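In what follows, a single structure is set out as structure tokens and then discussed.
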Amino acid sequence: MTERALIRLNPGADRRVKAGHPWAFSNEIAMTGAARAIAPGSVVRLEGDDGVKHGAWHFNPHSLIAARFLDADPAAPCDAAWFRRKLARCLALRQRLFDTPFYRLVHAEADGLPGLVVDRYGDALAVQANTAGMDAALPAILAALQDLLDPRVVVARNDAAVRKLEGLDEGVALLHGDDGSAVVEEGGLSFPVDLLGGQKTGWFFDQRPNRALVARFAAGHSVLDAFCHLGGFGLAAAQAGAREVTLLERSEHALDLAMQAASRAGFAERVTALKAEALEHLERMAASGRRFDVVIADPPAFAKTRKDIPAALKGYAKLARLAATVTAPEGMLFIASCSHHIGPAEFADAVAWGVHRARRSSRILASVGAGPDHPVHPALPESAYLKGQLLALE
């Protein structure tokens, strides 16, 4: 094998890498003409200006995050066999966590595979390659997944906006098989999932423990699941004995799939699907006096970039105000943010301000994150992106 290109860190720019951070930024790297000529997504050797070897990394000279850690061995092959070993470790951990094959199999940097996300729906897989390195490695990744799991179908959900930052096109495609449908089982329920046309990778596994938490308070009560997607929170509440459930979602396709799940479970008569823009409809509900005993507000990310943070915090405060307003006295409110640019403390402050503006007293019963199939890299707080609060309102 031809020796890999060598990339050097600038003098004094190796502190974070030496501390175990899995990224090296473009301003930390000596961007020589030779470095800039390296094809995006190539595997390179990374060294400090002091000669310390930092292993094998994916490299993209055109990205702010120019290098992403792969292996401590600078000569690691990073081929299908290498990916199979990495994926086998991910699989072994998930099999210890879950009794059924429905989970996030790979969670990017936290699983040692930067930029790669794989969600498993039994014999169906959804794959996101969000970096030039993982995009170039897709054939090897697919070969490893086929060898390890022999899936019926593999769908590439390469439509995340972050791919633009890597100079990559966006798109959705079947990598293997001819049917993009799948089913996810959770909490005794079965949900149809559209891997080709649904949101992100089809299902939000990250909220699994939080759906179970909220459902504990649902028996005999009215429930509003705003931004419901496939109705995971709302239908878990119905399964737990909620008197009535309203699913609020702008996507008619998602609502159709949610109602299919409700019919399959036998409680569709207790579930109402409401197609509308959630924030706008919450405004109308608040003004009309409509109230629910349990309210879930789990929106898409409000902050796509750092410059969005001020507007996003105002958005979360507004959402908290509206959600608190439509929560009945002595009711429960669960509110979440999946914006990794928003920190837990900032989110908590925005929620507190919004609830206060609704003139509601509250107690925080739980501050939560994602389930264990979404591990956190200890040197990368961005991988702890999900934040949620369960509040009891007076």
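All residue names refer to the structure tokens as shown: chains lettered A, B, ... in order, residues numbered from 1 in each chain, ligands numbered from 1 in order.
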**Message:** Using only C-alpha atoms, which protein or nucleic acid residues come within 9 Å of A:Ala144? Drop anything in the same chain fewer than 3 positions from it, and give the result as JSON, numbers by chain.
**Reply:** {"A": [80, 81, 82, 83, 84, 85, 87, 139, 140, 141, 147, 148, 149]}
Could you save those same residues with N, CA, C and O atoms as a tab-separated table (two decimals), in the first residue's frame?
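For reference, part_16.tsv as written:
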chain	number	residue	atom	x	y	z
A	80	ALA	N	-12.91	-2.69	4.40
A	80	ALA	CA	-14.14	-3.37	4.81
A	80	ALA	C	-13.93	-4.21	6.07
A	80	ALA	O	-14.80	-4.25	6.95
A	81	ALA	N	-12.79	-4.86	6.18
A	81	ALA	CA	-12.52	-5.68	7.37
A	81	ALA	C	-12.38	-4.79	8.60
A	81	ALA	O	-12.84	-5.15	9.69
A	82	TRP	N	-11.73	-3.64	8.42
A	82	TRP	CA	-11.60	-2.68	9.54
A	82	TRP	C	-12.98	-2.19	9.96
A	82	TRP	O	-13.29	-2.15	11.16
A	83	PHE	N	-13.82	-1.82	9.01
A	83	PHE	CA	-15.17	-1.37	9.34
A	83	PHE	C	-15.98	-2.50	9.98
A	83	PHE	O	-16.78	-2.25	10.90
A	84	ARG	N	-15.78	-3.72	9.53
A	84	ARG	CA	-16.52	-4.83	10.13
A	84	ARG	C	-16.17	-4.98	11.60
A	84	ARG	O	-17.05	-5.22	12.43
A	85	ARG	N	-14.89	-4.84	11.95
A	85	ARG	CA	-14.50	-4.94	13.36
A	85	ARG	C	-15.14	-3.82	14.18
A	85	ARG	O	-15.64	-4.05	15.29
A	87	LEU	N	-17.91	-2.12	13.45
A	87	LEU	CA	-19.35	-2.34	13.49
A	87	LEU	C	-19.71	-3.50	14.41
A	87	LEU	O	-20.75	-3.47	15.08
A	139	PRO	N	-18.90	2.11	0.09
A	139	PRO	CA	-18.82	0.73	-0.41
A	139	PRO	C	-18.24	-0.24	0.63
A	139	PRO	O	-18.75	-1.35	0.80
A	140	ALA	N	-17.20	0.17	1.33
A	140	ALA	CA	-16.62	-0.69	2.36
A	140	ALA	C	-17.57	-0.87	3.53
A	140	ALA	O	-17.69	-1.96	4.11
A	141	ILE	N	-18.28	0.22	3.90
A	141	ILE	CA	-19.25	0.14	5.01
A	141	ILE	C	-20.39	-0.80	4.64
A	141	ILE	O	-20.80	-1.64	5.44
A	147	ASP	N	-21.98	-8.32	5.43
A	147	ASP	CA	-21.30	-9.48	6.00
A	147	ASP	C	-21.74	-9.73	7.43
A	147	ASP	O	-21.93	-10.88	7.86
A	148	LEU	N	-21.96	-8.65	8.16
A	148	LEU	CA	-22.26	-8.76	9.59
A	148	LEU	C	-23.74	-9.06	9.86
A	148	LEU	O	-24.07	-9.85	10.75
A	149	LEU	N	-24.64	-8.42	9.10
A	149	LEU	CA	-26.07	-8.47	9.41
A	149	LEU	C	-26.94	-9.06	8.30
A	149	LEU	O	-28.11	-9.37	8.55
With only C-alpha atoms as the counted atoms, please give the residues lying no more than 12 Å from stretch 16-20 of chain A, apart from itself and same-chain residues fewer than 6 positions off, as a PDB file with all heavy atoms, in the first residue's frame.
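Written out: out_19.pdb:
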ATOM      1  N   ARG A   8       0.408  17.685   9.111  1.00  0.00           N
ATOM      2  CA  ARG A   8       0.997  18.141  10.383  1.00  0.00           C
ATOM      3  C   ARG A   8       0.135  19.228  11.020  1.00  0.00           C
ATOM      4  O   ARG A   8      -0.435  20.073  10.333  1.00  0.00           O
ATOM      5  CB  ARG A   8       2.413  18.676  10.174  1.00  0.00           C
ATOM      6  CG  ARG A   8       3.427  17.604   9.824  1.00  0.00           C
ATOM      7  CD  ARG A   8       4.836  18.126  10.001  1.00  0.00           C
ATOM      8  NE  ARG A   8       5.817  17.144   9.605  1.00  0.00           N
ATOM      9  CZ  ARG A   8       6.263  16.164  10.399  1.00  0.00           C
ATOM     10  NH1 ARG A   8       5.775  16.069  11.635  1.00  0.00           N
ATOM     11  NH2 ARG A   8       7.159  15.305   9.974  1.00  0.00           N
ATOM     12  N   LEU A   9       0.107  19.184  12.343  1.00  0.00           N
ATOM     13  CA  LEU A   9      -0.535  20.246  13.104  1.00  0.00           C
ATOM     14  C   LEU A   9       0.413  21.432  13.218  1.00  0.00           C
ATOM     15  O   LEU A   9       1.646  21.259  13.233  1.00  0.00           O
ATOM     16  CB  LEU A   9      -0.905  19.741  14.494  1.00  0.00           C
ATOM     17  CG  LEU A   9      -1.979  18.647  14.531  1.00  0.00           C
ATOM     18  CD1 LEU A   9      -2.021  17.980  15.907  1.00  0.00           C
ATOM     19  CD2 LEU A   9      -3.348  19.216  14.189  1.00  0.00           C
ATOM     20  N   ASN A  10      -0.151  22.607  13.308  1.00  0.00           N
ATOM     21  CA  ASN A  10       0.667  23.800  13.506  1.00  0.00           C
ATOM     22  C   ASN A  10       1.339  23.773  14.868  1.00  0.00           C
ATOM     23  O   ASN A  10       0.854  23.105  15.800  1.00  0.00           O
ATOM     24  CB  ASN A  10      -0.208  25.055  13.400  1.00  0.00           C
ATOM     25  CG  ASN A  10      -0.641  25.345  11.973  1.00  0.00           C
ATOM     26  OD1 ASN A  10       0.150  25.177  11.038  1.00  0.00           O
ATOM     27  ND2 ASN A  10      -1.883  25.785  11.802  1.00  0.00           N
ATOM     28  N   GLU A  28      -5.847  24.622  12.781  1.00  0.00           N
ATOM     29  CA  GLU A  28      -4.866  23.918  13.604  1.00  0.00           C
ATOM     30  C   GLU A  28      -3.889  23.118  12.738  1.00  0.00           C
ATOM     31  O   GLU A  28      -2.922  22.558  13.252  1.00  0.00           O
ATOM     32  CB  GLU A  28      -5.572  22.965  14.573  1.00  0.00           C
ATOM     33  CG  GLU A  28      -6.457  23.673  15.586  1.00  0.00           C
ATOM     34  CD  GLU A  28      -7.268  22.703  16.440  1.00  0.00           C
ATOM     35  OE1 GLU A  28      -7.740  21.679  15.901  1.00  0.00           O
ATOM     36  OE2 GLU A  28      -7.429  22.977  17.647  1.00  0.00           O
ATOM     37  N   ILE A  29      -4.155  23.054  11.452  1.00  0.00           N
ATOM     38  CA  ILE A  29      -3.383  22.214  10.535  1.00  0.00           C
ATOM     39  C   ILE A  29      -2.553  23.070   9.596  1.00  0.00           C
ATOM     40  O   ILE A  29      -2.990  24.138   9.140  1.00  0.00           O
ATOM     41  CB  ILE A  29      -4.346  21.303   9.731  1.00  0.00           C
ATOM     42  CG1 ILE A  29      -4.951  20.245  10.658  1.00  0.00           C
ATOM     43  CG2 ILE A  29      -3.653  20.637   8.553  1.00  0.00           C
ATOM     44  CD1 ILE A  29      -6.035  19.422  10.021  1.00  0.00           C
ATOM     45  N   LEU A  46      -1.732  11.826  10.807  1.00  0.00           N
ATOM     46  CA  LEU A  46      -1.675  13.132  11.454  1.00  0.00           C
ATOM     47  C   LEU A  46      -0.569  13.125  12.491  1.00  0.00           C
ATOM     48  O   LEU A  46      -0.482  12.200  13.315  1.00  0.00           O
ATOM     49  CB  LEU A  46      -3.017  13.457  12.126  1.00  0.00           C
ATOM     50  CG  LEU A  46      -3.120  14.850  12.750  1.00  0.00           C
ATOM     51  CD1 LEU A  46      -3.144  15.932  11.670  1.00  0.00           C
ATOM     52  CD2 LEU A  46      -4.365  14.965  13.616  1.00  0.00           C
ATOM     53  N   GLU A  47       0.272  14.137  12.443  1.00  0.00           N
ATOM     54  CA  GLU A  47       1.366  14.278  13.411  1.00  0.00           C
ATOM     55  C   GLU A  47       1.403  15.703  13.926  1.00  0.00           C
ATOM     56  O   GLU A  47       0.984  16.650  13.246  1.00  0.00           O
ATOM     57  CB  GLU A  47       2.722  13.939  12.781  1.00  0.00           C
ATOM     58  CG  GLU A  47       2.889  12.478  12.412  1.00  0.00           C
ATOM     59  CD  GLU A  47       4.292  12.156  11.925  1.00  0.00           C
ATOM     60  OE1 GLU A  47       5.172  13.070  11.974  1.00  0.00           O
ATOM     61  OE2 GLU A  47       4.516  11.020  11.492  1.00  0.00           O
ATOM     62  N   GLY A  48       1.930  15.852  15.148  1.00  0.00           N
ATOM     63  CA  GLY A  48       2.191  17.174  15.683  1.00  0.00           C
ATOM     64  C   GLY A  48       3.480  17.720  15.113  1.00  0.00           C
ATOM     65  O   GLY A  48       4.280  16.987  14.524  1.00  0.00           O
ATOM     66  N   ASP A  50       5.843  18.428  16.720  1.00  0.00           N
ATOM     67  CA  ASP A  50       6.901  17.820  17.533  1.00  0.00           C
ATOM     68  C   ASP A  50       7.193  16.386  17.124  1.00  0.00           C
ATOM     69  O   ASP A  50       7.983  15.692  17.763  1.00  0.00           O
ATOM     70  CB  ASP A  50       6.517  17.860  19.015  1.00  0.00           C
ATOM     71  CG  ASP A  50       5.153  17.215  19.285  1.00  0.00           C
ATOM     72  OD1 ASP A  50       4.529  16.698  18.329  1.00  0.00           O
ATOM     73  OD2 ASP A  50       4.715  17.235  20.458  1.00  0.00           O
ATOM     74  N   VAL A  52       5.070  13.844  17.212  1.00  0.00           N
ATOM     75  CA  VAL A  52       4.198  12.861  17.853  1.00  0.00           C
ATOM     76  C   VAL A  52       3.147  12.389  16.851  1.00  0.00           C
ATOM     77  O   VAL A  52       2.475  13.192  16.204  1.00  0.00           O
ATOM     78  CB  VAL A  52       3.515  13.458  19.101  1.00  0.00           C
ATOM     79  CG1 VAL A  52       2.490  12.481  19.671  1.00  0.00           C
ATOM     80  CG2 VAL A  52       4.560  13.802  20.148  1.00  0.00           C
ATOM     81  N   LYS A  53       3.032  11.065  16.734  1.00  0.00           N
ATOM     82  CA  LYS A  53       2.087  10.476  15.779  1.00  0.00           C
ATOM     83  C   LYS A  53       0.706  10.356  16.429  1.00  0.00           C
ATOM     84  O   LYS A  53       0.566   9.806  17.515  1.00  0.00           O
ATOM     85  CB  LYS A  53       2.594   9.113  15.325  1.00  0.00           C
ATOM     86  CG  LYS A  53       3.911   9.169  14.546  1.00  0.00           C
ATOM     87  CD  LYS A  53       4.402   7.765  14.208  1.00  0.00           C
ATOM     88  CE  LYS A  53       5.624   7.828  13.289  1.00  0.00           C
ATOM     89  NZ  LYS A  53       6.747   8.580  13.888  1.00  0.00           N
ATOM     90  N   HIS A  54      -0.299  10.846  15.732  1.00  0.00           N
ATOM     91  CA  HIS A  54      -1.655  10.842  16.271  1.00  0.00           C
ATOM     92  C   HIS A  54      -2.589   9.884  15.536  1.00  0.00           C
ATOM     93  O   HIS A  54      -3.803   9.921  15.748  1.00  0.00           O
ATOM     94  CB  HIS A  54      -2.231  12.258  16.237  1.00  0.00           C
ATOM     95  CG  HIS A  54      -1.486  13.219  17.106  1.00  0.00           C
ATOM     96  ND1 HIS A  54      -1.430  13.120  18.480  1.00  0.00           N
ATOM     97  CD2 HIS A  54      -0.728  14.308  16.776  1.00  0.00           C
ATOM     98  CE1 HIS A  54      -0.701  14.100  18.974  1.00  0.00           C
ATOM     99  NE2 HIS A  54      -0.260  14.839  17.966  1.00  0.00           N
ATOM    100  N   GLY A  55      -2.048   9.025  14.672  1.00  0.00           N
ATOM    101  CA  GLY A  55      -2.852   7.967  14.071  1.00  0.00           C
ATOM    102  C   GLY A  55      -3.377   8.301  12.690  1.00  0.00           C
ATOM    103  O   GLY A  55      -2.881   9.188  11.984  1.00  0.00           O
ATOM    104  N   TRP A  57      -6.535   9.456  10.186  1.00  0.00           N
ATOM    105  CA  TRP A  57      -7.668  10.373  10.255  1.00  0.00           C
ATOM    106  C   TRP A  57      -8.275  10.545   8.864  1.00  0.00           C
ATOM    107  O   TRP A  57      -7.567  10.479   7.857  1.00  0.00           O
ATOM    108  CB  TRP A  57      -7.222  11.755  10.757  1.00  0.00           C
ATOM    109  CG  TRP A  57      -6.649  11.782  12.139  1.00  0.00           C
ATOM    110  CD1 TRP A  57      -5.560  11.089  12.589  1.00  0.00           C
ATOM    111  CD2 TRP A  57      -7.131  12.540  13.246  1.00  0.00           C
ATOM    112  NE1 TRP A  57      -5.334  11.378  13.921  1.00  0.00           N
ATOM    113  CE2 TRP A  57      -6.289  12.264  14.350  1.00  0.00           C
ATOM    114  CE3 TRP A  57      -8.186  13.434  13.411  1.00  0.00           C
ATOM    115  CZ2 TRP A  57      -6.473  12.847  15.593  1.00  0.00           C
ATOM    116  CZ3 TRP A  57      -8.377  14.023  14.659  1.00  0.00           C
ATOM    117  CH2 TRP A  57      -7.530  13.727  15.740  1.00  0.00           C
ATOM    118  N   ALA A  67      -9.949  17.336   9.966  1.00  0.00           N
ATOM    119  CA  ALA A  67      -9.499  15.964  10.213  1.00  0.00           C
ATOM    120  C   ALA A  67     -10.337  15.341  11.318  1.00  0.00           C
ATOM    121  O   ALA A  67     -10.673  16.005  12.302  1.00  0.00           O
ATOM    122  CB  ALA A  67      -8.017  15.953  10.584  1.00  0.00           C
ATOM    123  N   ARG A  68     -10.672  14.062  11.120  1.00  0.00           N
ATOM    124  CA  ARG A  68     -11.506  13.325  12.082  1.00  0.00           C
ATOM    125  C   ARG A  68     -10.833  11.991  12.379  1.00  0.00           C
ATOM    126  O   ARG A  68     -10.501  11.235  11.471  1.00  0.00           O
ATOM    127  CB  ARG A  68     -12.921  13.118  11.529  1.00  0.00           C
ATOM    128  CG  ARG A  68     -13.654  14.429  11.236  1.00  0.00           C
ATOM    129  CD  ARG A  68     -14.964  14.164  10.519  1.00  0.00           C
ATOM    130  NE  ARG A  68     -15.614  15.394  10.075  1.00  0.00           N
ATOM    131  CZ  ARG A  68     -16.617  16.007  10.710  1.00  0.00           C
ATOM    132  NH1 ARG A  68     -17.089  15.489  11.834  1.00  0.00           N
ATOM    133  NH2 ARG A  68     -17.148  17.108  10.230  1.00  0.00           N
ATOM    134  N   PHE A  69     -10.712  11.695  13.664  1.00  0.00           N
ATOM    135  CA  PHE A  69      -9.947  10.538  14.121  1.00  0.00           C
ATOM    136  C   PHE A  69     -10.599   9.221  13.740  1.00  0.00           C
ATOM    137  O   PHE A  69     -11.801   9.029  13.912  1.00  0.00           O
ATOM    138  CB  PHE A  69      -9.789  10.604  15.642  1.00  0.00           C
ATOM    139  CG  PHE A  69      -9.061   9.424  16.226  1.00  0.00           C
ATOM    140  CD1 PHE A  69      -7.684   9.319  16.104  1.00  0.00           C
ATOM    141  CD2 PHE A  69      -9.752   8.415  16.874  1.00  0.00           C
ATOM    142  CE1 PHE A  69      -7.011   8.226  16.637  1.00  0.00           C
ATOM    143  CE2 PHE A  69      -9.098   7.332  17.418  1.00  0.00           C
ATOM    144  CZ  PHE A  69      -7.717   7.234  17.296  1.00  0.00           C
ATOM    145  N   LEU A  70      -9.756   8.300  13.246  1.00  0.00           N
ATOM    146  CA  LEU A  70     -10.210   6.955  12.907  1.00  0.00           C
ATOM    147  C   LEU A  70      -9.541   5.882  13.753  1.00  0.00           C
ATOM    148  O   LEU A  70     -10.207   5.007  14.308  1.00  0.00           O
ATOM    149  CB  LEU A  70      -9.935   6.658  11.429  1.00  0.00           C
ATOM    150  CG  LEU A  70     -10.704   7.471  10.394  1.00  0.00           C
ATOM    151  CD1 LEU A  70     -10.161   7.184   8.996  1.00  0.00           C
ATOM    152  CD2 LEU A  70     -12.190   7.155  10.461  1.00  0.00           C
ATOM    153  N   ASP A  71      -8.196   5.923  13.850  1.00  0.00           N
ATOM    154  CA  ASP A  71      -7.469   4.817  14.475  1.00  0.00           C
ATOM    155  C   ASP A  71      -6.137   5.325  15.012  1.00  0.00           C
ATOM    156  O   ASP A  71      -5.506   6.194  14.386  1.00  0.00           O
ATOM    157  CB  ASP A  71      -7.229   3.711  13.436  1.00  0.00           C
ATOM    158  CG  ASP A  71      -6.915   2.364  14.058  1.00  0.00           C
ATOM    159  OD1 ASP A  71      -5.814   2.227  14.649  1.00  0.00           O
ATOM    160  OD2 ASP A  71      -7.752   1.456  13.977  1.00  0.00           O
ATOM    161  N   ALA A  72      -5.725   4.793  16.155  1.00  0.00           N
ATOM    162  CA  ALA A  72      -4.441   5.200  16.735  1.00  0.00           C
ATOM    163  C   ALA A  72      -3.251   4.722  15.903  1.00  0.00           C
ATOM    164  O   ALA A  72      -2.153   5.271  16.011  1.00  0.00           O
ATOM    165  CB  ALA A  72      -4.326   4.665  18.161  1.00  0.00           C
ATOM    166  N   GLU A 109     -19.008   9.859  15.980  1.00  0.00           N
ATOM    167  CA  GLU A 109     -17.749   9.940  16.728  1.00  0.00           C
ATOM    168  C   GLU A 109     -17.772   9.137  18.020  1.00  0.00           C
ATOM    169  O   GLU A 109     -16.751   8.550  18.417  1.00  0.00           O
ATOM    170  CB  GLU A 109     -17.418  11.408  17.049  1.00  0.00           C
ATOM    171  CG  GLU A 109     -16.744  12.178  15.932  1.00  0.00           C
ATOM    172  CD  GLU A 109     -17.706  12.683  14.881  1.00  0.00           C
ATOM    173  OE1 GLU A 109     -18.906  12.329  14.921  1.00  0.00           O
ATOM    174  OE2 GLU A 109     -17.254  13.437  13.996  1.00  0.00           O
ATOM    175  N   GLY A 112     -16.647   5.826  17.425  1.00  0.00           N
ATOM    176  CA  GLY A 112     -15.380   5.705  16.713  1.00  0.00           C
ATOM    177  C   GLY A 112     -15.497   5.710  15.207  1.00  0.00           C
ATOM    178  O   GLY A 112     -14.554   5.331  14.508  1.00  0.00           O
ATOM    179  N   HIS A 377     -19.335  11.013  23.233  1.00  0.00           N
ATOM    180  CA  HIS A 377     -17.874  11.013  23.238  1.00  0.00           C
ATOM    181  C   HIS A 377     -17.408  11.905  24.386  1.00  0.00           C
ATOM    182  O   HIS A 377     -17.814  13.069  24.478  1.00  0.00           O
ATOM    183  CB  HIS A 377     -17.338  11.544  21.910  1.00  0.00           C
ATOM    184  CG  HIS A 377     -15.875  11.335  21.721  1.00  0.00           C
ATOM    185  ND1 HIS A 377     -14.925  11.980  22.493  1.00  0.00           N
ATOM    186  CD2 HIS A 377     -15.174  10.554  20.861  1.00  0.00           C
ATOM    187  CE1 HIS A 377     -13.724  11.606  22.110  1.00  0.00           C
ATOM    188  NE2 HIS A 377     -13.842  10.748  21.117  1.00  0.00           N
ATOM    189  N   PRO A 378     -16.560  11.405  25.278  1.00  0.00           N
ATOM    190  CA  PRO A 378     -16.189  12.184  26.472  1.00  0.00           C
ATOM    191  C   PRO A 378     -15.475  13.495  26.169  1.00  0.00           C
ATOM    192  O   PRO A 378     -15.490  14.401  27.008  1.00  0.00           O
ATOM    193  CB  PRO A 378     -15.281  11.223  27.257  1.00  0.00           C
ATOM    194  CG  PRO A 378     -14.839  10.194  26.273  1.00  0.00           C
ATOM    195  CD  PRO A 378     -15.940  10.056  25.281  1.00  0.00           C
ATOM    196  N   ALA A 379     -14.863  13.611  24.995  1.00  0.00           N
ATOM    197  CA  ALA A 379     -14.171  14.855  24.642  1.00  0.00           C
ATOM    198  C   ALA A 379     -14.973  15.713  23.677  1.00  0.00           C
ATOM    199  O   ALA A 379     -14.497  16.739  23.212  1.00  0.00           O
ATOM    200  CB  ALA A 379     -12.799  14.539  24.028  1.00  0.00           C
ATOM    201  N   LEU A 380     -16.214  15.295  23.390  1.00  0.00           N
ATOM    202  CA  LEU A 380     -17.008  15.987  22.383  1.00  0.00           C
ATOM    203  C   LEU A 380     -18.408  16.242  22.926  1.00  0.00           C
ATOM    204  O   LEU A 380     -19.342  15.474  22.675  1.00  0.00           O
ATOM    205  CB  LEU A 380     -17.082  15.135  21.112  1.00  0.00           C
ATOM    206  CG  LEU A 380     -17.586  15.788  19.829  1.00  0.00           C
ATOM    207  CD1 LEU A 380     -16.636  16.893  19.382  1.00  0.00           C
ATOM    208  CD2 LEU A 380     -17.733  14.740  18.731  1.00  0.00           C
TER     209      LEU A 380
END
Please tabulate, as JSON lines, the residues of stretch 47-158 of chain A that come within 7 Å of stretch 195-213 of chain A, each with its closest pair of atoms and the distance in Å to one decimal, counting only C-alpha atoms and ordering rows by chain, then residue number upward.
{"residue": "A:Tyr103", "atom": "CA", "partner": "A:Phe205", "partner_atom": "CA", "distance": 6.1}
{"residue": "A:Arg104", "atom": "CA", "partner": "A:Phe205", "partner_atom": "CA", "distance": 6.5}
{"residue": "A:Asp119", "atom": "CA", "partner": "A:Thr201", "partner_atom": "CA", "distance": 6.9}
{"residue": "A:Ala126", "atom": "CA", "partner": "A:Thr201", "partner_atom": "CA", "distance": 5.7}
{"residue": "A:Val155", "atom": "CA", "partner": "A:Leu195", "partner_atom": "CA", "distance": 6.7}
{"residue": "A:Arg157", "atom": "CA", "partner": "A:Thr201", "partner_atom": "CA", "distance": 6.2}
Keeping only N, CA, C and O atoms, write the selected residues as a PDB file, in the first residue's frame.
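Printed below is again-v1.pdb as written:
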ATOM      1  N   TYR A 103     -32.627  -0.148  17.069  1.00  0.00           N
ATOM      2  CA  TYR A 103     -31.776   0.780  17.803  1.00  0.00           C
ATOM      3  C   TYR A 103     -30.875   1.534  16.836  1.00  0.00           C
ATOM      4  O   TYR A 103     -30.784   1.203  15.655  1.00  0.00           O
ATOM      5  N   ARG A 104     -30.220   2.571  17.372  1.00  0.00           N
ATOM      6  CA  ARG A 104     -29.130   3.207  16.625  1.00  0.00           C
ATOM      7  C   ARG A 104     -27.904   2.328  16.778  1.00  0.00           C
ATOM      8  O   ARG A 104     -27.387   2.133  17.883  1.00  0.00           O
ATOM      9  N   ASP A 119     -29.001   3.393  11.673  1.00  0.00           N
ATOM     10  CA  ASP A 119     -30.140   2.973  12.482  1.00  0.00           C
ATOM     11  C   ASP A 119     -30.628   1.621  11.986  1.00  0.00           C
ATOM     12  O   ASP A 119     -30.716   1.390  10.769  1.00  0.00           O
ATOM     13  N   ALA A 126     -30.861   2.082   7.897  1.00  0.00           N
ATOM     14  CA  ALA A 126     -30.757   3.429   7.342  1.00  0.00           C
ATOM     15  C   ALA A 126     -29.366   3.957   7.678  1.00  0.00           C
ATOM     16  O   ALA A 126     -28.943   3.921   8.842  1.00  0.00           O
ATOM     17  N   VAL A 155     -30.798   1.672   3.141  1.00  0.00           N
ATOM     18  CA  VAL A 155     -31.138   2.957   2.533  1.00  0.00           C
ATOM     19  C   VAL A 155     -30.103   3.994   2.959  1.00  0.00           C
ATOM     20  O   VAL A 155     -29.780   4.112   4.148  1.00  0.00           O
ATOM     21  N   ARG A 157     -29.585   7.644   3.705  1.00  0.00           N
ATOM     22  CA  ARG A 157     -30.298   8.894   3.978  1.00  0.00           C
ATOM     23  C   ARG A 157     -29.287  10.037   4.006  1.00  0.00           C
ATOM     24  O   ARG A 157     -29.040  10.656   5.038  1.00  0.00           O
TER      25      ARG A 157
END
**Request:** Mind checking which residues fall within 6 Å of stretch 250-254 of chain A, counting only C-alpha atoms, ignoring those fewer than 2 positions away in the same chain, and posting them as a ChimeraX atom specification?
**Result:** /A:229-230,256-257,275-277
Kindly export the residues of the current selection with N, CA and C atoms, as a CSV table (one decimal), in the first residue's frame.
chain,number,residue,atom,x,y,z
A,229,HIS,N,-44.3,13.7,14.7
A,229,HIS,CA,-43.6,12.8,13.7
A,229,HIS,C,-44.5,11.5,13.6
A,230,LEU,N,-44.1,10.3,14.0
A,230,LEU,CA,-44.8,9.1,13.8
A,230,LEU,C,-45.7,8.8,15.1
A,256,ASP,N,-50.4,9.8,8.7
A,256,ASP,CA,-51.0,8.5,8.2
A,256,ASP,C,-50.3,7.3,8.8
A,257,LEU,N,-48.9,7.3,8.8
A,257,LEU,CA,-48.2,6.2,9.4
A,257,LEU,C,-48.5,6.1,10.9
A,275,LYS,N,-53.4,17.8,11.4
A,275,LYS,CA,-52.4,18.3,10.5
A,275,LYS,C,-52.3,19.8,10.6
A,276,ALA,N,-51.2,20.4,11.1
A,276,ALA,CA,-51.0,21.8,11.2
A,276,ALA,C,-49.6,22.1,11.6
A,277,GLU,N,-49.2,23.3,11.4
A,277,GLU,CA,-47.9,23.8,11.9
A,277,GLU,C,-48.0,23.9,13.4
**Item:** Contact residues around stretch 284-293 of chain A with only C-alpha atoms at 7 Å, ignoring same-chain residues under 6 positions, as a list in words
**Value:**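 Contacts, with the query itself left out: His221, Ser222, Val223, Leu224, Leu322, Thr325, Val326, Thr327, Ala328, Gly331 and Met332 of chain A.
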**strand (DSSP E) per DSSP on the backbone: members of stretch 169-260 of chain A, as a list in words** =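 Going through stretch 169-260 of chain A, the strand (DSSP E) residues come out as Gly171, Val172, Ala173, Leu174, Leu175, His176, Ser181, Ala182, Val183, Val184, Glu185, Glu186, Leu189, Ser190, Phe191, Pro192, Val193, Asp194, Ser222, Val223, Leu224, Asp225, Ala226, Glu244, Val245, Thr246, Leu247, Leu248 and Glu249 of chain A.
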Stretch 113-165 of chain A near stretch 31-42 of chain A within 12 Å: what's each residue's closest atom pair and its distance in Å to one decimal, counting only C-alpha atoms, ordered by chain then ascending residue number, as a Markdown table?
| residue | atom | partner | partner_atom | distance |
| --- | --- | --- | --- | --- |
| A:Pro114 | CA | A:Gly41 | CA | 11.5 |
| A:Gly115 | CA | A:Gly41 | CA | 11.1 |
| A:Ala129 | CA | A:Gly41 | CA | 11.2 |
| A:Asn130 | CA | A:Gly41 | CA | 10.9 |
| A:Thr131 | CA | A:Gly41 | CA | 7.4 |
| A:Ala132 | CA | A:Gly41 | CA | 4.4 |
| A:Gly133 | CA | A:Gly41 | CA | 3.5 |
| A:Met134 | CA | A:Gly41 | CA | 7.1 |
| A:Asp135 | CA | A:Gly41 | CA | 7.5 |
| A:Ala136 | CA | A:Gly41 | CA | 6.1 |
| A:Ala137 | CA | A:Gly41 | CA | 8.3 |
| A:Leu138 | CA | A:Gly41 | CA | 11.1 |
| A:Leu165 | CA | A:Pro40 | CA | 11.7 |
**Prompt:** Counting only C-alpha atoms, which of A:Gly315, A:Pro299, A:Pro61, A:Gly371 gets nearest to A:Ala336?
**Reply:**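 Closest residue, counting only C-alpha atoms: A:Pro299.
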**Message:** Let's see if you can do this: from backbone DSSP, list all helix (DSSP H, G or I) residues in stretch 45-273 of chain A, as number ranges by chain.
**Reply:** A: 80-97, 108-111, 132-136, 138-149, 161-166, 205-215, 232-239, 252-265, 268-270
